[in-house]
>>> print(open('target17.cif').read())   # mmCIF, N, CA and C atoms
data_coords
loop_
_atom_site.label_atom_id
_atom_site.label_comp_id
_atom_site.auth_asym_id
_atom_site.auth_seq_id
_atom_site.Cartn_x
_atom_site.Cartn_y
_atom_site.Cartn_z
N MET A 738 -39.36 63.65 37.95
CA MET A 738 -39.20 62.42 37.19
C MET A 738 -38.79 62.80 35.76
N SER A 739 -37.75 62.20 35.25
CA SER A 739 -37.31 62.52 33.89
C SER A 739 -38.29 61.95 32.88
N ARG A 740 -38.30 62.55 31.71
CA ARG A 740 -39.23 62.12 30.67
C ARG A 740 -39.01 60.66 30.30
N GLU A 741 -37.77 60.19 30.28
CA GLU A 741 -37.47 58.82 29.90
C GLU A 741 -38.02 57.81 30.90
N ASN A 742 -38.21 58.23 32.17
CA ASN A 742 -38.70 57.32 33.19
C ASN A 742 -40.21 57.42 33.40
N ARG A 743 -40.86 58.32 32.70
CA ARG A 743 -42.28 58.57 32.88
C ARG A 743 -43.09 57.43 32.29
N ALA A 744 -44.03 56.91 33.05
CA ALA A 744 -44.93 55.88 32.55
C ALA A 744 -46.26 56.54 32.22
N PHE A 745 -46.75 56.33 31.02
CA PHE A 745 -48.03 56.88 30.60
C PHE A 745 -49.09 55.78 30.66
N ASN A 746 -50.32 56.19 30.88
CA ASN A 746 -51.42 55.25 31.04
C ASN A 746 -52.31 55.23 29.80
N ILE A 747 -52.98 54.12 29.60
CA ILE A 747 -53.93 53.99 28.51
C ILE A 747 -55.03 55.03 28.70
N ASP A 748 -55.40 55.69 27.61
CA ASP A 748 -56.39 56.77 27.55
C ASP A 748 -55.86 58.11 28.07
N GLU A 749 -54.60 58.16 28.44
CA GLU A 749 -54.02 59.43 28.91
C GLU A 749 -53.80 60.36 27.72
N LYS A 750 -54.17 61.62 27.91
CA LYS A 750 -53.97 62.65 26.90
C LYS A 750 -52.50 63.08 26.97
N VAL A 751 -51.83 63.14 25.81
CA VAL A 751 -50.41 63.48 25.76
C VAL A 751 -50.13 64.39 24.56
N LEU A 752 -48.92 64.89 24.50
CA LEU A 752 -48.40 65.60 23.34
C LEU A 752 -47.30 64.75 22.75
N VAL A 753 -47.27 64.62 21.43
CA VAL A 753 -46.29 63.76 20.78
C VAL A 753 -45.54 64.56 19.72
N TYR A 754 -44.21 64.46 19.77
CA TYR A 754 -43.38 65.09 18.74
C TYR A 754 -43.48 64.31 17.44
N GLN A 755 -43.71 65.04 16.36
CA GLN A 755 -43.63 64.50 15.01
C GLN A 755 -42.70 65.47 14.29
N GLY A 756 -41.39 65.16 14.31
CA GLY A 756 -40.40 66.13 13.87
C GLY A 756 -40.37 67.26 14.89
N PRO A 757 -40.38 68.51 14.44
CA PRO A 757 -40.35 69.63 15.39
C PRO A 757 -41.72 70.05 15.89
N ILE A 758 -42.79 69.40 15.42
CA ILE A 758 -44.15 69.79 15.76
C ILE A 758 -44.73 68.87 16.84
N LEU A 759 -45.50 69.45 17.77
CA LEU A 759 -46.20 68.68 18.80
C LEU A 759 -47.66 68.51 18.39
N TYR A 760 -48.17 67.28 18.53
CA TYR A 760 -49.56 66.99 18.23
C TYR A 760 -50.27 66.46 19.47
N ASP A 761 -51.56 66.84 19.62
CA ASP A 761 -52.40 66.26 20.66
C ASP A 761 -52.66 64.80 20.31
N ALA A 762 -52.56 63.95 21.31
CA ALA A 762 -52.78 62.52 21.08
C ALA A 762 -53.26 61.88 22.38
N LYS A 763 -53.60 60.61 22.29
CA LYS A 763 -53.89 59.85 23.50
C LYS A 763 -53.25 58.48 23.37
N ILE A 764 -52.88 57.92 24.51
CA ILE A 764 -52.29 56.59 24.55
C ILE A 764 -53.40 55.56 24.38
N VAL A 765 -53.24 54.65 23.40
CA VAL A 765 -54.26 53.61 23.20
C VAL A 765 -53.75 52.21 23.54
N LYS A 766 -52.42 52.02 23.50
CA LYS A 766 -51.82 50.73 23.88
C LYS A 766 -50.46 51.00 24.51
N THR A 767 -50.00 50.06 25.32
CA THR A 767 -48.66 50.13 25.89
C THR A 767 -47.95 48.81 25.60
N PHE A 768 -46.61 48.85 25.60
CA PHE A 768 -45.82 47.64 25.44
C PHE A 768 -44.73 47.62 26.50
N ASP A 769 -44.63 46.50 27.22
CA ASP A 769 -43.61 46.31 28.25
C ASP A 769 -42.61 45.27 27.75
N PRO A 770 -41.34 45.65 27.56
CA PRO A 770 -40.36 44.70 27.04
C PRO A 770 -40.00 43.57 28.01
N VAL A 771 -40.20 43.78 29.31
CA VAL A 771 -39.87 42.74 30.29
C VAL A 771 -40.86 41.58 30.18
N SER A 772 -42.14 41.91 30.17
CA SER A 772 -43.15 40.85 30.07
C SER A 772 -43.44 40.46 28.62
N GLN A 773 -42.97 41.28 27.67
CA GLN A 773 -43.24 41.08 26.24
C GLN A 773 -44.75 41.06 25.99
N LYS A 774 -45.48 41.96 26.69
CA LYS A 774 -46.93 42.04 26.56
C LYS A 774 -47.37 43.44 26.14
N MET A 775 -48.41 43.46 25.33
CA MET A 775 -49.09 44.68 24.92
C MET A 775 -50.36 44.78 25.76
N GLU A 776 -50.69 45.98 26.20
CA GLU A 776 -51.93 46.16 26.95
C GLU A 776 -52.79 47.21 26.26
N TYR A 777 -54.10 46.97 26.27
CA TYR A 777 -55.05 47.94 25.74
C TYR A 777 -56.38 47.73 26.45
N PHE A 778 -57.26 48.74 26.35
CA PHE A 778 -58.57 48.64 26.98
C PHE A 778 -59.58 48.18 25.94
N ASP A 779 -60.29 47.10 26.22
CA ASP A 779 -61.32 46.57 25.33
C ASP A 779 -62.66 47.18 25.74
N GLU A 780 -63.21 48.02 24.86
CA GLU A 780 -64.47 48.72 25.15
C GLU A 780 -65.64 47.74 25.33
N LYS A 781 -65.69 46.68 24.53
CA LYS A 781 -66.80 45.73 24.64
C LYS A 781 -66.78 44.98 25.96
N LYS A 782 -65.59 44.53 26.36
CA LYS A 782 -65.47 43.77 27.61
C LYS A 782 -65.31 44.67 28.83
N LYS A 783 -65.05 45.95 28.58
CA LYS A 783 -64.83 46.93 29.66
C LYS A 783 -63.72 46.48 30.60
N SER A 784 -62.64 45.98 29.99
CA SER A 784 -61.52 45.53 30.81
C SER A 784 -60.19 45.72 30.08
N LEU A 785 -59.13 45.69 30.84
CA LEU A 785 -57.78 45.81 30.32
C LEU A 785 -57.34 44.44 29.80
N ILE A 786 -56.84 44.41 28.57
CA ILE A 786 -56.42 43.17 27.92
C ILE A 786 -54.91 43.18 27.78
N SER A 787 -54.27 42.06 28.08
CA SER A 787 -52.82 41.91 27.96
C SER A 787 -52.54 40.75 27.01
N VAL A 788 -51.84 41.04 25.90
CA VAL A 788 -51.57 40.02 24.89
C VAL A 788 -50.14 40.14 24.38
N ALA A 789 -49.66 39.09 23.75
CA ALA A 789 -48.35 39.14 23.10
C ALA A 789 -48.47 40.02 21.86
N PRO A 790 -47.41 40.72 21.49
CA PRO A 790 -47.48 41.57 20.29
C PRO A 790 -47.70 40.73 19.04
N ASP A 791 -48.46 41.28 18.10
CA ASP A 791 -48.72 40.56 16.86
C ASP A 791 -47.64 40.86 15.83
N LYS A 792 -47.79 40.32 14.62
CA LYS A 792 -46.76 40.45 13.59
C LYS A 792 -46.61 41.88 13.09
N ARG A 793 -47.60 42.74 13.34
CA ARG A 793 -47.51 44.14 12.92
C ARG A 793 -46.69 45.00 13.88
N PHE A 794 -46.40 44.47 15.07
CA PHE A 794 -45.61 45.23 16.05
C PHE A 794 -44.18 45.37 15.52
N PRO A 795 -43.61 46.59 15.54
CA PRO A 795 -42.25 46.79 15.02
C PRO A 795 -41.20 45.99 15.80
N LYS A 796 -40.49 45.12 15.12
CA LYS A 796 -39.50 44.25 15.76
C LYS A 796 -38.40 45.05 16.49
N GLU A 797 -38.06 46.22 15.94
CA GLU A 797 -36.99 47.03 16.55
C GLU A 797 -37.40 47.62 17.90
N LEU A 798 -38.68 47.55 18.25
CA LEU A 798 -39.14 48.09 19.53
C LEU A 798 -39.35 47.01 20.60
N LEU A 799 -39.04 45.76 20.29
CA LEU A 799 -39.27 44.68 21.25
C LEU A 799 -38.47 44.81 22.55
N SER A 800 -37.41 45.59 22.54
CA SER A 800 -36.62 45.77 23.76
C SER A 800 -36.85 47.14 24.41
N GLU A 801 -37.90 47.85 23.97
CA GLU A 801 -38.16 49.21 24.46
C GLU A 801 -39.56 49.34 25.05
N VAL A 802 -39.70 50.19 26.07
CA VAL A 802 -41.02 50.58 26.52
C VAL A 802 -41.55 51.54 25.47
N CYS A 803 -42.73 51.27 24.95
CA CYS A 803 -43.28 52.15 23.92
C CYS A 803 -44.80 52.20 24.03
N TYR A 804 -45.36 53.14 23.29
CA TYR A 804 -46.79 53.43 23.39
C TYR A 804 -47.39 53.60 22.00
N MET A 805 -48.56 53.03 21.80
CA MET A 805 -49.34 53.28 20.58
C MET A 805 -50.14 54.55 20.86
N VAL A 806 -49.99 55.54 19.98
CA VAL A 806 -50.72 56.79 20.17
C VAL A 806 -51.71 56.99 19.03
N HIS A 807 -52.82 57.63 19.37
CA HIS A 807 -53.81 58.04 18.39
C HIS A 807 -53.81 59.56 18.38
N TYR A 808 -53.58 60.13 17.20
CA TYR A 808 -53.56 61.59 17.07
C TYR A 808 -54.99 62.11 16.97
N ASN A 809 -55.35 63.01 17.88
CA ASN A 809 -56.71 63.54 17.95
C ASN A 809 -57.08 64.25 16.64
N GLY A 810 -58.23 63.87 16.10
CA GLY A 810 -58.72 64.46 14.87
C GLY A 810 -58.19 63.79 13.61
N TRP A 811 -57.34 62.79 13.75
CA TRP A 811 -56.77 62.09 12.60
C TRP A 811 -57.37 60.69 12.52
N ASN A 812 -57.38 60.14 11.33
CA ASN A 812 -57.85 58.78 11.09
C ASN A 812 -56.93 57.81 11.83
N SER A 813 -57.48 56.68 12.28
CA SER A 813 -56.68 55.71 13.04
C SER A 813 -55.56 55.08 12.21
N LYS A 814 -55.59 55.24 10.89
CA LYS A 814 -54.48 54.70 10.08
C LYS A 814 -53.16 55.42 10.40
N TRP A 815 -53.24 56.58 11.05
CA TRP A 815 -52.04 57.32 11.44
C TRP A 815 -51.56 56.96 12.85
N ASP A 816 -52.28 56.08 13.55
CA ASP A 816 -51.83 55.63 14.88
C ASP A 816 -50.46 54.99 14.72
N GLU A 817 -49.60 55.21 15.71
CA GLU A 817 -48.26 54.64 15.60
C GLU A 817 -47.66 54.34 16.97
N TRP A 818 -46.68 53.42 16.96
CA TRP A 818 -45.91 53.11 18.15
C TRP A 818 -44.79 54.15 18.27
N VAL A 819 -44.68 54.75 19.46
CA VAL A 819 -43.62 55.74 19.68
C VAL A 819 -42.89 55.45 20.98
N LEU A 820 -41.64 55.85 21.02
CA LEU A 820 -40.84 55.73 22.23
C LEU A 820 -41.17 56.88 23.17
N VAL A 821 -40.89 56.69 24.43
CA VAL A 821 -41.21 57.68 25.46
C VAL A 821 -40.50 59.02 25.20
N GLU A 822 -39.38 59.02 24.51
CA GLU A 822 -38.64 60.26 24.24
C GLU A 822 -39.45 61.24 23.39
N ARG A 823 -40.42 60.74 22.64
CA ARG A 823 -41.24 61.60 21.78
C ARG A 823 -42.51 62.08 22.45
N ILE A 824 -42.75 61.66 23.69
CA ILE A 824 -44.02 61.96 24.37
C ILE A 824 -43.80 62.94 25.52
N LEU A 825 -44.72 63.91 25.60
CA LEU A 825 -44.72 64.87 26.71
C LEU A 825 -46.05 64.76 27.44
N GLU A 826 -46.00 65.01 28.73
CA GLU A 826 -47.22 65.07 29.52
C GLU A 826 -48.06 66.25 29.03
N TYR A 827 -49.37 66.05 28.93
CA TYR A 827 -50.26 67.12 28.47
C TYR A 827 -50.46 68.10 29.62
N THR A 828 -50.07 69.35 29.38
CA THR A 828 -50.24 70.37 30.44
C THR A 828 -50.94 71.58 29.89
#
>>> encode(input="target17.cif", output="structure tokens")
Amino acid sequence: MSRENRAFNIDEKVLVYQGPILYDAKIVKTFDPVSQKMEYFDEKKKSLISVAPDKRFPKELLSEVCYMVHYNGWNSKWDEWVLVERILEYT
């Protein structure tokens, strides 16, 4: 399966390119351009939540499959939406 066709799951451990450097990260949210829905796991409700993207979601990504990643060991202020081209399966 090519990297562009790979679907990553919420809470999946991944490697993310930030320029030429790879960082350990995990998927915390997903966005599907077909349904125009964001999905994330709600710890309090212990369930998967599907909602429309809010005003903070990057408008230029509305037509792309993308993932919100959290970089391990970094503050959540560094969490970001990334395209699948920047993500590698953790091996």
>>> resolve_selection(input="target17.cif", expression="the PyMOL selection byres (((chain A and resi 808-820 and name CA) around 9) and name CA)", output="list in words")
Glu741, Val753, Tyr760, Asp761, Ala762, Lys763, Val765, Lys766, Thr767, Phe794, Pro795, Leu798, Glu801, Val802, Cys803, Tyr804, Met805, Val806, His807, Val821, Glu822, Arg823 and Ile824 of chain A
>>> atom_distance(input="target17.cif", atom1="atom N of Pro757 (chain A)", atom2="atom C of Glu826 (chain A)")
16.6 Å
>>> closest_residue(input="target17.cif", among="A:Gln755, A:Asn746, A:Ser784, A:Ser800", to="Asp769 (chain A)", atoms="only C-alpha atoms")
A:Ser800
>>> atom_distance(input="target17.cif", atom1="CA of Val751 (chain A)", atom2="CA of Ile764 (chain A)")
7.2 Å
>>> select_by_dssp(input="target17.cif", residues="chain A", states="strand (DSSP E or B)", output="ChimeraX atom specification")
/A:750-755,758-769,774-779,784-788,803-808,817-820,824-826
>>> write_last_selection(input="target17.cif", atoms="N, CA and C atoms", output="compact mmCIF listing (two decimals), in the coordinates of the input")
# COMPACT_ATOMS: atom_id res chain seq x y z
N LYS A 750 -54.17 61.62 27.91
CA LYS A 750 -53.97 62.65 26.90
C LYS A 750 -52.50 63.08 26.97
N VAL A 751 -51.83 63.14 25.81
CA VAL A 751 -50.41 63.48 25.76
C VAL A 751 -50.13 64.39 24.56
N LEU A 752 -48.92 64.89 24.50
CA LEU A 752 -48.40 65.60 23.34
C LEU A 752 -47.30 64.75 22.75
N VAL A 753 -47.27 64.62 21.43
CA VAL A 753 -46.29 63.76 20.78
C VAL A 753 -45.54 64.56 19.72
N TYR A 754 -44.21 64.46 19.77
CA TYR A 754 -43.38 65.09 18.74
C TYR A 754 -43.48 64.31 17.44
N GLN A 755 -43.71 65.04 16.36
CA GLN A 755 -43.63 64.50 15.01
C GLN A 755 -42.70 65.47 14.29
N ILE A 758 -42.79 69.40 15.42
CA ILE A 758 -44.15 69.79 15.76
C ILE A 758 -44.73 68.87 16.84
N LEU A 759 -45.50 69.45 17.77
CA LEU A 759 -46.20 68.68 18.80
C LEU A 759 -47.66 68.51 18.39
N TYR A 760 -48.17 67.28 18.53
CA TYR A 760 -49.56 66.99 18.23
C TYR A 760 -50.27 66.46 19.47
N ASP A 761 -51.56 66.84 19.62
CA ASP A 761 -52.40 66.26 20.66
C ASP A 761 -52.66 64.80 20.31
N ALA A 762 -52.56 63.95 21.31
CA ALA A 762 -52.78 62.52 21.08
C ALA A 762 -53.26 61.88 22.38
N LYS A 763 -53.60 60.61 22.29
CA LYS A 763 -53.89 59.85 23.50
C LYS A 763 -53.25 58.48 23.37
N ILE A 764 -52.88 57.92 24.51
CA ILE A 764 -52.29 56.59 24.55
C ILE A 764 -53.40 55.56 24.38
N VAL A 765 -53.24 54.65 23.40
CA VAL A 765 -54.26 53.61 23.20
C VAL A 765 -53.75 52.21 23.54
N LYS A 766 -52.42 52.02 23.50
CA LYS A 766 -51.82 50.73 23.88
C LYS A 766 -50.46 51.00 24.51
N THR A 767 -50.00 50.06 25.32
CA THR A 767 -48.66 50.13 25.89
C THR A 767 -47.95 48.81 25.60
N PHE A 768 -46.61 48.85 25.60
CA PHE A 768 -45.82 47.64 25.44
C PHE A 768 -44.73 47.62 26.50
N ASP A 769 -44.63 46.50 27.22
CA ASP A 769 -43.61 46.31 28.25
C ASP A 769 -42.61 45.27 27.75
N LYS A 774 -45.48 41.96 26.69
CA LYS A 774 -46.93 42.04 26.56
C LYS A 774 -47.37 43.44 26.14
N MET A 775 -48.41 43.46 25.33
CA MET A 775 -49.09 44.68 24.92
C MET A 775 -50.36 44.78 25.76
N GLU A 776 -50.69 45.98 26.20
CA GLU A 776 -51.93 46.16 26.95
C GLU A 776 -52.79 47.21 26.26
N TYR A 777 -54.10 46.97 26.27
CA TYR A 777 -55.05 47.94 25.74
C TYR A 777 -56.38 47.73 26.45
N PHE A 778 -57.26 48.74 26.35
CA PHE A 778 -58.57 48.64 26.98
C PHE A 778 -59.58 48.18 25.94
N ASP A 779 -60.29 47.10 26.22
CA ASP A 779 -61.32 46.57 25.33
C ASP A 779 -62.66 47.18 25.74
N SER A 784 -62.64 45.98 29.99
CA SER A 784 -61.52 45.53 30.81
C SER A 784 -60.19 45.72 30.08
N LEU A 785 -59.13 45.69 30.84
CA LEU A 785 -57.78 45.81 30.32
C LEU A 785 -57.34 44.44 29.80
N ILE A 786 -56.84 44.41 28.57
CA ILE A 786 -56.42 43.17 27.92
C ILE A 786 -54.91 43.18 27.78
N SER A 787 -54.27 42.06 28.08
CA SER A 787 -52.82 41.91 27.96
C SER A 787 -52.54 40.75 27.01
N VAL A 788 -51.84 41.04 25.90
CA VAL A 788 -51.57 40.02 24.89
C VAL A 788 -50.14 40.14 24.38
N CYS A 803 -42.73 51.27 24.95
CA CYS A 803 -43.28 52.15 23.92
C CYS A 803 -44.80 52.20 24.03
N TYR A 804 -45.36 53.14 23.29
CA TYR A 804 -46.79 53.43 23.39
C TYR A 804 -47.39 53.60 22.00
N MET A 805 -48.56 53.03 21.80
CA MET A 805 -49.34 53.28 20.58
C MET A 805 -50.14 54.55 20.86
N VAL A 806 -49.99 55.54 19.98
CA VAL A 806 -50.72 56.79 20.17
C VAL A 806 -51.71 56.99 19.03
N HIS A 807 -52.82 57.63 19.37
CA HIS A 807 -53.81 58.04 18.39
C HIS A 807 -53.81 59.56 18.38
N TYR A 808 -53.58 60.13 17.20
CA TYR A 808 -53.56 61.59 17.07
C TYR A 808 -54.99 62.11 16.97
N GLU A 817 -49.60 55.21 15.71
CA GLU A 817 -48.26 54.64 15.60
C GLU A 817 -47.66 54.34 16.97
N TRP A 818 -46.68 53.42 16.96
CA TRP A 818 -45.91 53.11 18.15
C TRP A 818 -44.79 54.15 18.27
N VAL A 819 -44.68 54.75 19.46
CA VAL A 819 -43.62 55.74 19.68
C VAL A 819 -42.89 55.45 20.98
N LEU A 820 -41.64 55.85 21.02
CA LEU A 820 -40.84 55.73 22.23
C LEU A 820 -41.17 56.88 23.17
N ILE A 824 -42.75 61.66 23.69
CA ILE A 824 -44.02 61.96 24.37
C ILE A 824 -43.80 62.94 25.52
N LEU A 825 -44.72 63.91 25.60
CA LEU A 825 -44.72 64.87 26.71
C LEU A 825 -46.05 64.76 27.44
N GLU A 826 -46.00 65.01 28.73
CA GLU A 826 -47.22 65.07 29.52
C GLU A 826 -48.06 66.25 29.03
>>> residues_near_point(input="target17.cif", point="(-44.0, 42.5, 28.6)", cutoff="10 Å", atoms="only C-alpha atoms", output="list in words")
Thr767, Phe768, Asp769, Pro770, Val771, Ser772, Gln773, Lys774, Met775, Glu776, Ser787, Val788, Ala789, Pro790, Leu799, Ser800, Glu801 and Val802 of chain A
>>> atom_distance(input="target17.cif", atom1="atom C of Leu752 (chain A)", atom2="atom N of Asp779 (chain A)")
22.2 Å
>>> residues_near_point(input="target17.cif", point="(-55.7, 63.4, 32.9)", cutoff="8 Å", atoms="only C-alpha atoms", output="PyMOL selection string")
chain A and resi 749-750+827
